[in-house]
Structure formats: C-alpha cells, structure tokens
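**Student:** Please see the structure below; I have some questions.
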Amino acid sequence: MSTATAHPPVAYMARTKRYYEAQGYAKPYVWAHFDEVPFTKPAKPLAESTLAIITTSALHDRRATDPRAVASAATAAAPPLFANDLAWDKKATHLDDRETFLPLAPLRAMVDEGRLGALAKRFHCVPTEYSQRRTRTEDAPEILRRCREDGADIALLVPL
C-alpha cells in the first residue's frame with residue numbers, strides 16, 4: 001500500500017519566505033533561532049499539571065487600534081478572538097473554527113479524562129511581533145509572569 005497522499009506537503013518555510021517577499025518587506029524574514037533553548041522537561045506528570053494556553057490571536061480587532069500587547073482572558077468563558085490583521089494565507093484557510101487556535105474543548109476533555117490536571121484560569125494572547133528583541137525582552141517575560149501567577153506548570157503555544 002502506498003503512503004503517498006493526494007496532496008504533497010506544504011513547503012512551509014519556502015512558502016512563508018515568498019509570502020513575506022510578496023508583502024514588500026525591505027529585508028527578508030529571518031527565522032528566530034536560539035543557541036540555548038529555554039524549554040525544560042515538565043517537573044511533574046501531565047495528569048498532575050496545570051496547563052496555560054498561549055495563542056497569537058487577539059482579544060480585539062487590532063486593525064482598529066493596533067495595540068500589540070500581551071492580553072489575557074478567562075478560559076471559562078473565552079470571548080471571540082481576532083487575527084485578520086496578521087499575515088497568513090487567507091485564500092487557503094479561515095478563522096471560523098476557534099478550536100484550531102484556542103483548543104479549549106479537547107483540553108477540557110483531557111482534564112475530564114484525567115490525562116491533564118487542569119487548565120489555567122486564563123489563556124494568554126501574545127502579539128506576533130516582528131521584533132525578536134521585543135518578544136524576548138518584553139512579551140515573553142510578561143507571559144511567563146502571567147503563567148506563574150495562574151499557577152501554570154506547563155504551556156501550550158498555539159500559533160496562528
């Protein structure tokens with residue numbers, strides 16, 4: 001039996017590079033890379049851990065105000081999210097299914113099944129900032145502070 005699919009895989013890196021070039025940016029996009037990775041193994045089993053969700057979508061339509069800042073909202077009653085201001089292929093996909101970028105239902109099911117300890121009381125929106133310096137020095141430390149404040153042991157990063 002052949003393992004070939006009807007559609008070849010998307011060459012994400014090359015496609016993204018071409019997409020940014022087509023947007024007219026003066027410099028080519030430089031992929032973030034780090035000599036030291038700040039990730040560690042979880043300190044306790046997943047079934048005993050509290051998980052924070054971090055998404056690149058926003059709590060409001062940034063096209064009107066453009067405040068690219070860290071924001072948080074309750075996981076219990078998550079509001080609609082926005083991302084139409086971001087550069088993504090709007091011909092190939094859509095934002096109609098919020099679970100694709102804020103997967104609360106499957107994570108709640110994992111909690112109910114005992115596979116995940118708990119969801120943090122808030123989820124966090126981190127701006128997609130083209131400044132890697134700002135991400136490292138401002139946004140990431142603020143997200144970490146909020147996750148610790150919520151008692152999160154682990155985080156799920158969900159890019160859009």
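In the structure tokens, the first chain shown is A, the next is B, and so on; residue numbers restart at 1 for each chain, and ligands run from 1 in the order shown.
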Excluding Asp96 in chain A and any residue of its chain fewer than 6 positions from it, enumerate the residues within 12 Å of it, using only C-alpha atoms, and give them as a list in words.
**Tutor:**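 Neighbouring residues, sequence-local ones excluded: Pro80, Leu81, Phe82, Ala83, Asn84, Lys90 and Leu102 of chain A.
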**Student:** Pull the helix (DSSP H, G or I) assignments for range 2-142 of chain A out of DSSP run on the backbone, and list those residues as number ranges by chain.
**Tutor:** A: 12-22, 46-48, 62-65, 98-100, 104-112, 132-142
**Student:** Sort by chain and increasing residue number a table of all residues of range 42-121 of chain A within 10 Å of range 128-137 of chain A, each with its closest pair of atoms and their distance in Å to one decimal, counting only C-alpha atoms, and write it as a tab-separated table.
**Tutor:**
residue	atom	partner	partner_atom	distance
A:Thr55	CA	A:Thr128	CA	9.5
A:Thr56	CA	A:Thr128	CA	6.0
A:Ser57	CA	A:Thr128	CA	8.3
A:Ala58	CA	A:Thr128	CA	9.6
A:Arg68	CA	A:Glu129	CA	7.5
A:Ala69	CA	A:Glu129	CA	9.2
A:Val70	CA	A:Thr128	CA	9.9
A:Ala83	CA	A:Thr128	CA	9.9
A:Leu86	CA	A:Thr128	CA	7.8
A:Ala87	CA	A:Thr128	CA	9.7
**Student:** Could you pull the residues within 12 Å of Glu149 in chain A, counting only C-alpha atoms, minus those fewer than 6 positions along the same chain, as a VMD selection string?
**Tutor:** chain A and resid 50 52 72 120 to 123 142 to 143
**Student:** Under the rule of at most 7 Å, produce a per-residue listing of range 30-87 of chain A near range 108-116 of chain A: chain, number, name, the closest pair of atoms, and the distance in Å, as JSON lines, using only C-alpha atoms.
**Tutor:**
{"residue": "A:Leu46", "atom": "CA", "partner": "A:Leu116", "partner_atom": "CA", "distance": 5.2}
{"residue": "A:Ala47", "atom": "CA", "partner": "A:Leu116", "partner_atom": "CA", "distance": 4.1}
{"residue": "A:Glu48", "atom": "CA", "partner": "A:Leu116", "partner_atom": "CA", "distance": 6.5}
{"residue": "A:Ser49", "atom": "CA", "partner": "A:Leu116", "partner_atom": "CA", "distance": 6.3}
**Student:** Among range 44-160 of chain A, which residues does DSSP mark as strand (DSSP E or B) when it is run on the backbone? Keep the chain and numbering as in the structure and answer as number ranges by chain.
**Tutor:** A: 50-55, 58, 71-74, 82, 118-119, 122-125, 154-158
**Student:** Those residues you just picked out, can you put them in a file as a PDB file, in the first residue's frame with C-alpha atoms?
**Tutor:**
ATOM      1  CA  THR A  50      -1.918  22.903  35.143  1.00  0.00           C
ATOM      2  CA  LEU A  51      -1.700  23.993  31.522  1.00  0.00           C
ATOM      3  CA  ALA A  52      -1.683  27.572  30.231  1.00  0.00           C
ATOM      4  CA  ILE A  53      -2.683  28.205  26.625  1.00  0.00           C
ATOM      5  CA  ILE A  54      -0.799  30.877  24.721  1.00  0.00           C
ATOM      6  CA  THR A  55      -2.143  31.954  21.324  1.00  0.00           C
ATOM      7  CA  ALA A  58      -6.005  38.754  19.882  1.00  0.00           C
ATOM      8  CA  ALA A  71      -3.548  40.214  26.847  1.00  0.00           C
ATOM      9  CA  SER A  72      -5.348  37.581  28.905  1.00  0.00           C
ATOM     10  CA  ALA A  73      -8.915  36.335  29.295  1.00  0.00           C
ATOM     11  CA  ALA A  74     -10.718  33.668  31.286  1.00  0.00           C
ATOM     12  CA  PHE A  82      -9.266  38.029  16.121  1.00  0.00           C
ATOM     13  CA  ALA A 118      -6.212  21.359  34.954  1.00  0.00           C
ATOM     14  CA  LEU A 119      -6.437  24.321  32.645  1.00  0.00           C
ATOM     15  CA  ARG A 122      -6.730  32.359  31.931  1.00  0.00           C
ATOM     16  CA  PHE A 123      -5.388  31.953  28.429  1.00  0.00           C
ATOM     17  CA  HIS A 124      -2.919  34.465  27.052  1.00  0.00           C
ATOM     18  CA  CYS A 125      -2.647  36.272  23.733  1.00  0.00           C
ATOM     19  CA  ILE A 154       3.285  23.874  31.512  1.00  0.00           C
ATOM     20  CA  ALA A 155       2.197  25.889  28.482  1.00  0.00           C
ATOM     21  CA  LEU A 156       0.790  25.038  25.091  1.00  0.00           C
ATOM     22  CA  LEU A 157       1.907  27.516  22.429  1.00  0.00           C
ATOM     23  CA  VAL A 158      -0.674  27.754  19.627  1.00  0.00           C
TER      24      VAL A 158
END
**Student:** Please determine, counting only C-alpha atoms, which residue among A:Tyr12, A:Pro127, A:Leu144, A:Thr100 has the shortest atom-to-atom distance to His60 in chain A.
**Tutor:** A:Pro127
